[in-house]
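Structure file target_11.csv (CSV, C-alpha atoms) follows.
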```
chain,number,residue,atom,x,y,z
A,4,MET,CA,-74.2,38.4,-52.1
A,5,TRP,CA,-73.1,36.6,-49.0
A,6,PRO,CA,-70.3,34.7,-50.6
A,7,ILE,CA,-68.9,38.0,-52.0
A,8,LEU,CA,-69.1,39.7,-48.6
A,9,VAL,CA,-67.4,36.7,-46.9
A,10,THR,CA,-64.7,36.8,-49.6
A,11,VAL,CA,-64.0,40.5,-49.1
A,12,LEU,CA,-63.9,40.1,-45.3
A,13,LEU,CA,-61.5,37.2,-45.6
A,14,ILE,CA,-59.2,39.2,-47.9
A,15,ALA,CA,-59.3,42.2,-45.6
A,16,LEU,CA,-58.6,40.0,-42.6
A,17,SER,CA,-55.7,38.3,-44.4
A,18,VAL,CA,-54.2,41.7,-45.3
A,19,VAL,CA,-54.4,42.8,-41.7
A,20,LEU,CA,-52.9,39.6,-40.4
A,21,VAL,CA,-50.0,39.8,-43.0
A,22,LYS,CA,-49.2,43.3,-42.0
A,23,PHE,CA,-49.4,42.4,-38.3
A,24,ALA,CA,-47.1,39.4,-38.8
A,25,SER,CA,-44.7,41.5,-40.8
A,26,ALA,CA,-44.6,44.2,-38.1
A,27,ILE,CA,-44.0,41.5,-35.4
A,28,HIS,CA,-41.2,40.0,-37.6
A,29,ARG,CA,-39.5,43.4,-38.0
A,30,TRP,CA,-39.8,44.1,-34.3
A,31,SER,CA,-38.4,40.7,-33.4
A,32,LYS,CA,-35.4,41.3,-35.7
A,33,HIS,CA,-34.7,44.7,-34.1
A,34,VAL,CA,-35.0,43.2,-30.6
A,35,GLN,CA,-32.6,40.3,-31.5
A,36,TYR,CA,-30.1,42.9,-33.0
A,37,LEU,CA,-30.2,44.9,-29.8
A,38,ARG,CA,-29.8,41.8,-27.7
A,39,THR,CA,-26.6,40.9,-29.5
A,40,HIS,CA,-25.1,44.5,-29.4
A,41,ILE,CA,-26.3,45.8,-26.0
A,42,PRO,CA,-25.5,44.1,-22.7
A,43,ILE,CA,-28.7,42.8,-20.9
A,44,ALA,CA,-29.1,44.1,-17.3
A,45,PRO,CA,-29.2,41.4,-14.7
A,46,GLY,CA,-32.3,40.7,-12.5
A,47,ARG,CA,-35.0,40.3,-15.1
A,48,ASP,CA,-38.3,39.0,-13.7
A,49,TRP,CA,-40.5,37.0,-16.1
A,50,LEU,CA,-43.6,39.2,-15.5
A,51,ARG,CA,-42.3,42.6,-14.4
A,52,GLY,CA,-39.2,42.6,-16.5
A,53,HIS,CA,-36.6,44.8,-14.8
A,54,PHE,CA,-39.2,46.9,-13.0
A,55,PRO,CA,-38.6,46.9,-9.2
A,56,PRO,CA,-41.2,45.1,-7.0
A,57,ASP,CA,-41.9,48.4,-5.2
A,58,ASP,CA,-40.8,52.0,-5.3
A,59,SER,CA,-38.5,51.7,-2.3
A,60,ALA,CA,-36.2,49.2,-4.3
A,61,SER,CA,-35.8,51.3,-7.4
A,62,ARG,CA,-32.9,53.5,-6.3
A,63,GLY,CA,-30.8,50.6,-5.2
A,64,ILE,CA,-31.5,48.6,-8.3
A,65,LEU,CA,-30.5,51.5,-10.6
A,66,GLU,CA,-27.3,52.2,-8.6
A,67,ARG,CA,-26.2,48.6,-8.9
A,68,ARG,CA,-27.0,48.4,-12.6
A,69,THR,CA,-25.0,51.6,-13.2
A,70,SER,CA,-22.0,50.2,-11.4
A,71,LEU,CA,-22.1,47.0,-13.6
A,72,LEU,CA,-23.0,48.7,-16.9
A,73,PRO,CA,-21.8,52.3,-16.8
A,74,ARG,CA,-23.0,53.4,-20.3
A,75,LEU,CA,-26.1,51.6,-21.5
A,76,ALA,CA,-28.0,48.4,-20.9
A,77,LEU,CA,-31.0,46.5,-22.4
A,78,VAL,CA,-33.9,46.2,-19.9
A,79,TRP,CA,-37.5,44.9,-20.1
A,80,PHE,CA,-40.6,46.9,-19.2
A,81,GLY,CA,-43.0,44.1,-18.4
A,82,PRO,CA,-42.7,40.7,-20.0
A,83,VAL,CA,-42.1,41.6,-23.7
A,84,THR,CA,-41.2,45.3,-24.1
A,85,PRO,CA,-37.5,46.1,-24.3
A,86,GLN,CA,-36.0,49.5,-23.4
A,87,VAL,CA,-32.5,50.8,-23.8
A,88,SER,CA,-31.4,52.1,-20.4
A,89,LEU,CA,-29.0,55.1,-20.7
A,90,VAL,CA,-26.6,55.6,-17.8
A,91,HIS,CA,-24.0,58.0,-19.2
A,92,PRO,CA,-24.2,61.7,-20.4
A,93,ASP,CA,-22.8,60.7,-23.9
A,94,THR,CA,-25.5,58.1,-24.6
A,95,LEU,CA,-28.2,60.5,-23.3
A,96,ALA,CA,-26.9,63.2,-25.7
A,97,ASP,CA,-27.2,60.7,-28.6
A,98,VAL,CA,-30.9,60.3,-27.9
A,99,MET,CA,-31.7,63.9,-27.1
A,100,ARG,CA,-30.6,64.9,-30.6
A,101,THR,CA,-33.5,62.9,-32.0
A,102,SER,CA,-36.2,64.8,-29.9
A,103,PRO,CA,-37.8,61.7,-28.3
A,104,ASP,CA,-41.4,61.7,-27.4
A,105,ARG,CA,-42.8,60.9,-23.9
A,106,ASN,CA,-43.7,57.2,-23.3
A,107,LYS,CA,-47.4,57.4,-23.8
A,108,PHE,CA,-48.0,53.9,-22.4
A,109,VAL,CA,-46.7,55.0,-18.9
A,110,TYR,CA,-48.6,58.3,-18.9
A,111,ASN,CA,-51.8,56.6,-19.9
A,112,PHE,CA,-52.1,55.2,-16.4
A,113,LEU,CA,-52.7,58.7,-15.2
A,114,VAL,CA,-55.5,59.6,-17.7
A,115,PRO,CA,-58.4,58.5,-15.5
A,116,TRP,CA,-57.3,61.1,-12.9
A,117,LEU,CA,-55.5,63.9,-14.9
A,118,GLY,CA,-57.6,63.7,-18.1
A,119,ASN,CA,-56.3,65.9,-20.9
A,120,GLY,CA,-54.2,68.3,-18.8
A,121,LEU,CA,-51.1,69.8,-20.2
A,122,LEU,CA,-49.1,66.7,-19.3
A,123,MET,CA,-51.4,64.4,-21.3
A,124,SER,CA,-52.8,66.5,-24.2
A,125,GLU,CA,-51.4,66.6,-27.7
A,126,GLY,CA,-51.8,68.4,-31.0
A,127,LYS,CA,-54.2,71.4,-31.1
A,128,ARG,CA,-55.4,70.8,-27.6
A,129,TRP,CA,-51.9,71.0,-26.2
A,130,SER,CA,-51.0,74.1,-28.3
A,131,ARG,CA,-54.1,75.9,-27.1
A,132,ASP,CA,-53.6,75.0,-23.4
A,133,ARG,CA,-49.9,76.0,-23.6
A,134,ARG,CA,-50.8,79.4,-25.1
A,135,LEU,CA,-53.5,80.0,-22.4
A,136,LEU,CA,-51.3,78.9,-19.5
A,137,SER,CA,-48.3,80.9,-20.7
A,138,HIS,CA,-50.2,84.0,-19.7
A,139,ILE,CA,-50.6,82.7,-16.2
A,140,PHE,CA,-47.2,81.2,-15.3
A,141,THR,CA,-45.0,84.3,-15.3
A,142,PRO,CA,-42.0,85.2,-13.0
A,143,GLY,CA,-44.0,87.9,-11.4
A,144,MET,CA,-46.8,85.5,-10.4
A,145,LEU,CA,-44.6,83.8,-7.8
A,146,ARG,CA,-44.1,87.1,-5.9
A,147,GLU,CA,-47.8,87.0,-5.0
A,148,TYR,CA,-47.5,83.6,-3.3
A,149,VAL,CA,-44.8,84.3,-0.7
A,150,PRO,CA,-47.4,85.1,2.0
A,151,VAL,CA,-49.0,81.7,1.2
A,152,TYR,CA,-45.7,79.9,1.6
A,153,LYS,CA,-45.1,81.7,5.0
A,154,GLU,CA,-48.6,80.9,6.2
A,155,ALA,CA,-48.4,77.2,5.4
A,156,CYS,CA,-44.9,76.9,6.9
A,157,THR,CA,-46.1,78.7,10.1
A,158,THR,CA,-48.9,76.2,10.4
A,159,MET,CA,-46.5,73.3,10.1
A,160,LEU,CA,-44.0,74.8,12.6
A,161,ASN,CA,-46.8,75.4,15.1
A,162,LEU,CA,-47.7,71.7,14.9
A,163,TRP,CA,-44.1,70.7,15.3
A,164,SER,CA,-43.8,73.0,18.4
A,165,SER,CA,-46.9,71.4,19.9
A,166,GLN,CA,-45.5,67.9,19.3
A,167,ALA,CA,-42.1,68.8,20.7
A,168,ASP,CA,-43.8,70.2,23.9
A,169,GLN,CA,-45.5,66.8,24.3
A,170,GLU,CA,-42.1,65.0,23.6
A,171,LYS,CA,-43.6,63.4,20.5
A,172,SER,CA,-41.6,62.4,17.5
A,173,ILE,CA,-42.2,64.2,14.2
A,174,ASP,CA,-42.6,62.2,11.0
A,175,VAL,CA,-41.1,64.5,8.3
A,176,GLY,CA,-42.2,62.1,5.6
A,177,LYS,CA,-45.8,62.8,6.5
A,178,CYS,CA,-45.5,66.5,7.2
A,179,MET,CA,-43.8,67.6,4.0
A,180,PRO,CA,-46.5,66.2,1.6
A,181,LEU,CA,-49.2,68.0,3.7
A,182,LEU,CA,-47.2,71.2,3.6
A,183,THR,CA,-46.8,71.2,-0.2
A,184,PHE,CA,-50.4,70.1,-0.7
A,185,ASP,CA,-51.5,73.0,1.5
A,186,VAL,CA,-49.5,75.5,-0.6
A,187,ILE,CA,-50.6,74.1,-4.0
A,188,LEU,CA,-54.3,74.2,-3.0
A,189,LYS,CA,-54.0,77.8,-1.8
A,190,CYS,CA,-52.1,78.9,-4.8
A,191,ALA,CA,-54.0,76.9,-7.4
A,192,LEU,CA,-57.6,77.2,-6.0
A,193,GLY,CA,-57.3,80.2,-3.8
A,194,VAL,CA,-59.0,78.4,-0.8
A,195,GLU,CA,-58.2,78.3,2.9
A,196,THR,CA,-57.4,74.7,3.6
A,197,ALA,CA,-57.2,72.7,6.8
A,198,CYS,CA,-55.4,69.6,5.4
A,199,GLN,CA,-52.4,70.0,7.8
A,200,THR,CA,-54.6,70.3,10.9
A,201,ASP,CA,-57.7,68.3,10.2
A,202,ALA,CA,-57.5,65.0,8.4
A,203,GLU,CA,-61.3,64.7,8.3
A,204,SER,CA,-61.9,68.0,6.7
A,205,PRO,CA,-62.8,68.1,3.0
A,206,ASP,CA,-59.2,69.2,2.2
A,207,GLY,CA,-57.9,66.3,4.4
A,208,ARG,CA,-60.0,63.8,2.6
A,209,TYR,CA,-58.9,65.2,-0.7
A,210,PHE,CA,-55.3,64.8,0.4
A,211,GLN,CA,-56.0,61.2,1.4
A,212,ALA,CA,-57.7,60.5,-2.0
A,213,VAL,CA,-54.7,61.8,-3.9
A,214,ASN,CA,-52.4,59.5,-1.9
A,215,VAL,CA,-54.6,56.5,-2.7
A,216,ILE,CA,-54.5,57.4,-6.4
A,217,LEU,CA,-50.7,57.8,-6.5
A,218,ASP,CA,-50.1,54.6,-4.6
A,219,LEU,CA,-52.6,52.4,-6.5
A,220,THR,CA,-51.6,53.9,-9.9
A,221,PHE,CA,-47.9,53.1,-9.3
A,222,SER,CA,-48.9,49.6,-8.1
A,223,GLN,CA,-50.9,49.2,-11.3
A,224,LEU,CA,-47.9,50.3,-13.4
A,225,LEU,CA,-45.6,47.7,-11.7
A,226,ASN,CA,-48.0,44.8,-12.4
A,227,PRO,CA,-48.6,43.8,-16.0
A,228,LEU,CA,-51.7,41.9,-14.9
A,229,LYS,CA,-53.3,45.3,-14.0
A,230,TRP,CA,-52.4,47.1,-17.2
A,231,TRP,CA,-55.8,46.8,-18.9
A,232,ASN,CA,-58.1,49.4,-17.3
A,233,PHE,CA,-61.2,47.6,-18.6
A,234,LEU,CA,-60.4,44.7,-16.2
A,235,TYR,CA,-58.4,46.7,-13.6
A,236,PHE,CA,-61.3,49.0,-12.6
A,237,ARG,CA,-63.5,46.0,-12.0
A,238,THR,CA,-61.2,44.6,-9.4
A,239,ALA,CA,-61.3,45.6,-5.7
A,240,THR,CA,-58.2,47.8,-5.9
A,241,GLY,CA,-59.4,49.3,-9.2
A,242,LYS,CA,-62.7,50.2,-7.6
A,243,LYS,CA,-60.9,51.8,-4.7
A,244,ASN,CA,-58.8,53.8,-7.2
A,245,ALA,CA,-61.9,54.9,-9.1
A,246,GLU,CA,-63.6,56.0,-5.9
A,247,ALA,CA,-60.5,58.1,-4.9
A,248,ILE,CA,-60.5,59.7,-8.4
A,249,ARG,CA,-64.2,60.5,-8.0
A,250,VAL,CA,-63.6,62.2,-4.6
A,251,CYS,CA,-60.8,64.3,-6.2
A,252,HIS,CA,-62.8,65.3,-9.2
A,253,GLU,CA,-65.9,66.2,-7.1
A,254,TYR,CA,-63.8,68.3,-4.7
A,255,SER,CA,-62.0,70.4,-7.3
A,256,GLU,CA,-65.0,70.7,-9.7
A,257,GLY,CA,-67.1,71.9,-6.7
A,258,LEU,CA,-64.6,74.6,-5.9
A,259,ILE,CA,-64.3,75.6,-9.5
A,260,ARG,CA,-68.1,76.0,-10.0
A,261,LYS,CA,-68.3,78.0,-6.8
A,262,ARG,CA,-65.4,80.3,-7.7
A,263,ARG,CA,-66.7,80.8,-11.3
A,264,ALA,CA,-70.1,82.0,-9.9
A,265,GLU,CA,-68.3,84.3,-7.4
A,266,PHE,CA,-65.9,85.5,-10.2
A,267,GLU,CA,-68.8,86.3,-12.6
A,268,ALA,CA,-70.8,88.1,-9.9
A,269,ASP,CA,-67.8,90.2,-8.9
A,270,GLU,CA,-67.1,91.1,-12.6
A,271,GLN,CA,-70.7,92.2,-13.0
A,272,CYS,CA,-70.5,94.4,-10.0
A,273,GLY,CA,-67.2,95.9,-11.3
A,274,GLY,CA,-65.1,94.6,-8.5
A,275,ASP,CA,-61.9,92.7,-8.4
A,276,PRO,CA,-62.6,89.0,-8.1
A,277,SER,CA,-59.2,88.2,-6.5
A,278,LYS,CA,-59.8,90.4,-3.4
A,279,SER,CA,-61.9,87.8,-1.7
A,280,VAL,CA,-58.9,85.5,-1.2
A,281,GLY,CA,-56.2,88.1,-0.8
A,282,HIS,CA,-54.2,87.1,-3.8
A,283,LYS,CA,-55.0,86.1,-7.4
A,284,SER,CA,-55.1,82.3,-7.6
A,285,MET,CA,-54.3,80.2,-10.6
A,286,LEU,CA,-58.0,79.4,-10.7
A,287,ASP,CA,-58.9,83.1,-11.0
A,288,MET,CA,-56.5,83.5,-13.9
A,289,MET,CA,-57.7,80.4,-15.7
A,290,LEU,CA,-61.3,81.6,-15.3
A,291,ALA,CA,-60.3,84.9,-16.9
A,292,VAL,CA,-58.1,83.8,-19.7
A,293,LYS,CA,-59.5,83.4,-23.3
A,294,ASP,CA,-58.1,82.1,-26.5
A,295,GLU,CA,-57.9,84.0,-29.9
A,296,ALA,CA,-61.6,83.2,-30.5
A,297,GLY,CA,-62.6,84.6,-27.2
A,298,VAL,CA,-63.4,81.2,-25.7
A,299,GLY,CA,-62.3,80.5,-22.2
A,300,MET,CA,-61.6,77.2,-20.4
A,301,THR,CA,-64.4,74.9,-19.3
A,302,ASP,CA,-64.7,73.6,-15.7
A,303,VAL,CA,-63.4,70.2,-16.7
A,304,GLU,CA,-60.4,71.7,-18.6
A,305,ILE,CA,-59.6,73.8,-15.5
A,306,ARG,CA,-60.0,70.8,-13.2
A,307,GLU,CA,-57.6,68.8,-15.4
A,308,GLN,CA,-55.0,71.5,-15.2
A,309,VAL,CA,-55.4,71.9,-11.4
A,310,ASP,CA,-55.0,68.1,-11.0
A,311,THR,CA,-51.9,68.2,-13.2
A,312,PHE,CA,-50.3,71.0,-11.1
A,313,LEU,CA,-51.0,69.0,-8.0
A,314,PHE,CA,-49.5,65.8,-9.5
A,315,GLY,CA,-46.5,67.6,-10.8
A,316,GLY,CA,-45.7,69.8,-7.8
A,317,ARG,CA,-46.7,68.0,-4.6
A,318,ASP,CA,-44.6,64.9,-4.4
A,319,THR,CA,-41.6,66.4,-6.2
A,320,THR,CA,-41.3,69.3,-3.8
A,321,SER,CA,-42.1,67.4,-0.7
A,322,ALA,CA,-39.5,64.7,-1.6
A,323,THR,CA,-36.9,67.4,-2.1
A,324,LEU,CA,-37.7,68.9,1.3
A,325,ILE,CA,-37.5,65.5,3.0
A,326,TRP,CA,-34.1,64.7,1.4
A,327,ALA,CA,-32.9,68.2,2.3
A,328,MET,CA,-33.7,67.6,6.0
A,329,TYR,CA,-32.1,64.2,5.9
A,330,TYR,CA,-28.8,65.6,4.5
A,331,LEU,CA,-28.8,68.5,6.9
A,332,THR,CA,-28.9,66.0,9.8
A,333,GLU,CA,-26.2,64.0,8.2
A,334,HIS,CA,-23.9,67.0,7.7
A,335,PRO,CA,-24.0,69.3,10.8
A,336,ASP,CA,-21.4,71.7,9.3
A,337,ILE,CA,-23.6,72.3,6.2
A,338,GLN,CA,-26.6,72.7,8.5
A,339,GLU,CA,-24.9,75.4,10.5
A,340,LYS,CA,-23.8,77.3,7.3
A,341,CYS,CA,-27.5,77.2,6.0
A,342,ARG,CA,-28.8,78.3,9.4
A,343,SER,CA,-26.3,81.2,9.6
A,344,GLU,CA,-27.2,82.4,6.2
A,345,VAL,CA,-31.0,82.2,6.9
A,346,GLN,CA,-30.6,84.0,10.2
A,347,ARG,CA,-28.5,86.8,8.6
A,348,VAL,CA,-31.1,87.4,5.9
A,349,MET,CA,-34.0,87.2,8.3
A,350,GLU,CA,-32.3,89.8,10.7
A,351,ALA,CA,-31.7,92.1,7.7
A,352,CYS,CA,-35.3,92.0,6.5
A,353,GLY,CA,-37.0,92.2,10.0
A,354,GLY,CA,-37.9,88.6,10.5
A,355,ILE,CA,-40.4,86.3,8.8
A,356,GLU,CA,-43.0,89.1,8.6
A,357,GLY,CA,-40.6,91.2,6.4
A,358,PHE,CA,-39.3,88.4,4.3
A,359,GLN,CA,-40.3,88.8,0.6
A,360,HIS,CA,-39.7,87.3,-2.7
A,361,GLU,CA,-36.6,89.5,-3.5
A,362,HIS,CA,-34.9,88.1,-0.3
A,363,ILE,CA,-34.8,84.6,-1.7
A,364,SER,CA,-31.9,85.5,-4.1
A,365,GLN,CA,-29.8,86.4,-1.0
A,366,LEU,CA,-29.9,82.7,0.2
A,367,GLN,CA,-27.2,81.7,-2.2
A,368,TYR,CA,-25.6,78.9,-0.1
A,369,LEU,CA,-29.0,77.4,0.7
A,370,ALA,CA,-29.8,77.5,-3.0
A,371,GLN,CA,-26.6,75.6,-3.8
A,372,PHE,CA,-27.4,73.1,-1.1
A,373,VAL,CA,-30.9,72.4,-2.5
A,374,GLN,CA,-29.4,72.0,-6.0
A,375,GLU,CA,-27.0,69.5,-4.7
A,376,VAL,CA,-29.8,67.6,-3.0
A,377,LEU,CA,-31.7,67.5,-6.4
A,378,ARG,CA,-28.5,66.2,-8.0
A,379,ASP,CA,-27.8,63.5,-5.5
A,380,ALA,CA,-31.3,62.4,-4.7
A,381,SER,CA,-33.2,62.9,-7.9
A,382,ILE,CA,-37.0,62.9,-7.4
A,383,LEU,CA,-37.4,60.8,-10.6
A,384,PRO,CA,-34.8,58.0,-10.7
A,385,ASP,CA,-35.5,57.5,-14.4
A,386,LEU,CA,-37.6,58.8,-17.3
A,387,SER,CA,-39.0,56.8,-20.2
A,388,ARG,CA,-39.1,58.2,-23.8
A,389,THR,CA,-40.0,56.8,-27.2
A,390,LEU,CA,-37.7,57.5,-30.2
A,391,THR,CA,-39.4,59.4,-32.9
A,392,LYS,CA,-36.7,58.6,-35.4
A,393,ASP,CA,-33.7,56.2,-35.7
A,394,ALA,CA,-30.9,57.0,-33.2
A,395,SER,CA,-27.3,56.0,-33.1
A,396,ILE,CA,-26.4,55.3,-29.4
A,397,ASP,CA,-22.7,54.5,-28.8
A,398,GLY,CA,-22.6,53.5,-32.5
A,399,ILE,CA,-25.6,51.1,-32.2
A,400,ARG,CA,-28.6,51.8,-34.3
A,401,VAL,CA,-31.8,51.9,-32.3
A,402,PRO,CA,-34.9,52.2,-34.6
A,403,ALA,CA,-37.7,54.7,-34.2
A,404,GLY,CA,-40.6,53.4,-32.0
A,405,PHE,CA,-38.3,51.8,-29.4
A,406,GLN,CA,-38.3,53.1,-25.8
A,407,VAL,CA,-35.3,54.5,-24.0
A,408,GLN,CA,-35.0,54.8,-20.3
A,409,MET,CA,-33.0,57.8,-19.0
A,410,ASN,CA,-31.3,56.7,-15.8
A,411,ILE,CA,-31.1,60.0,-14.0
A,412,LEU,CA,-29.5,58.6,-10.9
A,413,GLY,CA,-26.8,56.9,-13.0
A,414,ILE,CA,-26.1,60.0,-15.1
```

Let me see the structure of the file written as structure tokens.
Amino acid sequence: MWPILVTVLLIALSVVLVKFASAIHRWSKHVQYLRTHIPIAPGRDWLRGHFPPDDSASRGILERRTSLLPRLALVWFGPVTPQVSLVHPDTLADVMRTSPDRNKFVYNFLVPWLGNGLLMSEGKRWSRDRRLLSHIFTPGMLREYVPVYKEACTTMLNLWSSQADQEKSIDVGKCMPLLTFDVILKCALGVETACQTDAESPDGRYFQAVNVILDLTFSQLLNPLKWWNFLYFRTATGKKNAEAIRVCHEYSEGLIRKRRAEFEADEQCGGDPSKSVGHKSMLDMMLAVKDEAGVGMTDVEIREQVDTFLFGGRDTTSATLIWAMYYLTEHPDIQEKCRSEVQRVMEACGGIEGFQHEHISQLQYLAQFVQEVLRDASILPDLSRTLTKDASIDGIRVPAGFQVQMNILGI
């Protein structure tokens, strides 16, 4: 009996090894083909590949690469994984026709924090979440949140005024993330937060934990030695990251449980659950929504979506605001045009108290300025995607399964 079992196992192992070797051989041939047809970008590190040593260096590296190789280049993600970097609209169009998938390897670093939120989920889970959330994110929803925006901005401006009275400098790079964090928490969870004014409040600690997660996760992504979570979360930095994730999950899940109890109690009494916070938060709508089978979202599912909103909206919006203020200081003439337009609209609507969602469309020059900021200072310098089928890029065949890097700054 044992000899037969050993023989079967050896045969099975041999088949697996042959298939693995064959796949490696095909992959090596594809890589060699690309190396001979696509110019290799300069500055490759043996461990990081072409990844920058830190986030601050990425913009300069991409700009220099674009000036040298204005259409496409071959770069390495880590020590062994090649990517085709696209730096021209034509080459990007070649790839987009193939409907590339997101680079799951990169997004997997966020799974410990974001779980299976809309950004991470796939298949039936993604389809269900997408249908449920489509009932929540409607154009009319944004109208309800204008008072939230005004309240959060007023808090920030009061802090600025106090610092100016004391002749203290203002660090916009720290203020804007707090502002956007404040807005998202109020809109998503419907809670009154103190993150802008009290760093030691639960909201302030939540904000600090999110910063730790983002910093350490990006650091993990840049270092191939930290790619394996099984080992990474046993290191000192991994444990620090895990503790920050625990703080975030406990904070949001605690608010979700509390709000669900209030929501169900209000429904039983025949009241409107949203009145207790003055506006209907995303949390209220996620608690109420149900799928075709009448099943709602669990606390964990809601927490994953809230964390995803926070990840997707906080840094992107705050970075845009920071760059906008930088460009306004660099271009006083544009600053004056934006100021004049805002003052004109404010006077017409009776000041900040009378400003409503419909007045935003009247700020046309300001909107054009913000769009130009987004174009010139893209929040994401590049995006990574995986080809789902063979693509012809500038006449060069790139097989399915290979990764492409969309250099947004270069494009």

- Item | Straight-line distance linking CA of Glu307 in chain A with CA of Leu121 in chain A, stated in Å to one decimal |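 CA of Leu121 in chain A lies 8.1 Å from CA of Glu307 in chain A.
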
Go through range 99-177 of chain A residue by residue and, counting only C-alpha atoms, keep those with an atom at most 10 Å from range 244-266 of chain A; for each kept residue give the shortest atom pair and its distance in Å to one decimal, ordered by chain and increasing number, as a Markdown table.
```
| residue | atom | partner | partner_atom | distance |
| --- | --- | --- | --- | --- |
| A:Pro115 | CA | A:Ile248 | CA | 7.5 |
| A:Trp116 | CA | A:Ile248 | CA | 5.7 |
| A:Leu117 | CA | A:Ile248 | CA | 9.2 |
```

- Which residues come within 9 Å of Asp294 in chain A, counting all atoms listed in the file, excluding same-chain residues fewer than 5 positions away, as a list in words?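 Counting only the stated atoms, we get Arg131, Asp132, Arg134, Leu135, Gly299 and Met300 of chain A.
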
- Query: Out of A:Leu75, A:Leu160, A:Val213, A:Ile305, which residue has the shortest atom-to-atom distance to Thr94 in chain A when counting all atoms listed in the file?
  - Reply: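 Closest to Thr94 in chain A, using all atoms listed in the file: A:Leu75.
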
- Message: Using all atoms listed in the file, which protein or nucleic acid residues come within 12 Å of Val87 in chain A? Drop anything in the same chain fewer than 3 positions from it, and give the result as a PyMOL selection string.
- Response: chain A and resi 34+37-38+40-44+53+72+74-80+84+90+94-95+98+385-390+394-397+399-402+404-410

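By all atoms listed in the file, and with residues fewer than 2 positions from range 283-286 of chain A along its chain excluded, the set lying at most 6 Å from it is Cys190, Ala191, Leu192, Gly193, Ser277, Met288 and Met289 of chain A.
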
- Item | Å distance separating CA of Thr200 in chain A from CA of Leu162 in chain A, one decimal place | 8.1 Å

- Message: Ranking A:Gly207, A:Gly143, A:Gly241, A:Pro103 by minimum distance to Ala403 in chain A and counting only C-alpha atoms, which one comes first?
- Response: A:Pro103

- Residue contacts of Thr240 in chain A (10 Å, all atoms listed in the file) excluding same-chain residues fewer than 6 positions away, as a PyMOL selection string: chain A and resi 215+219-220+222-223+229+246
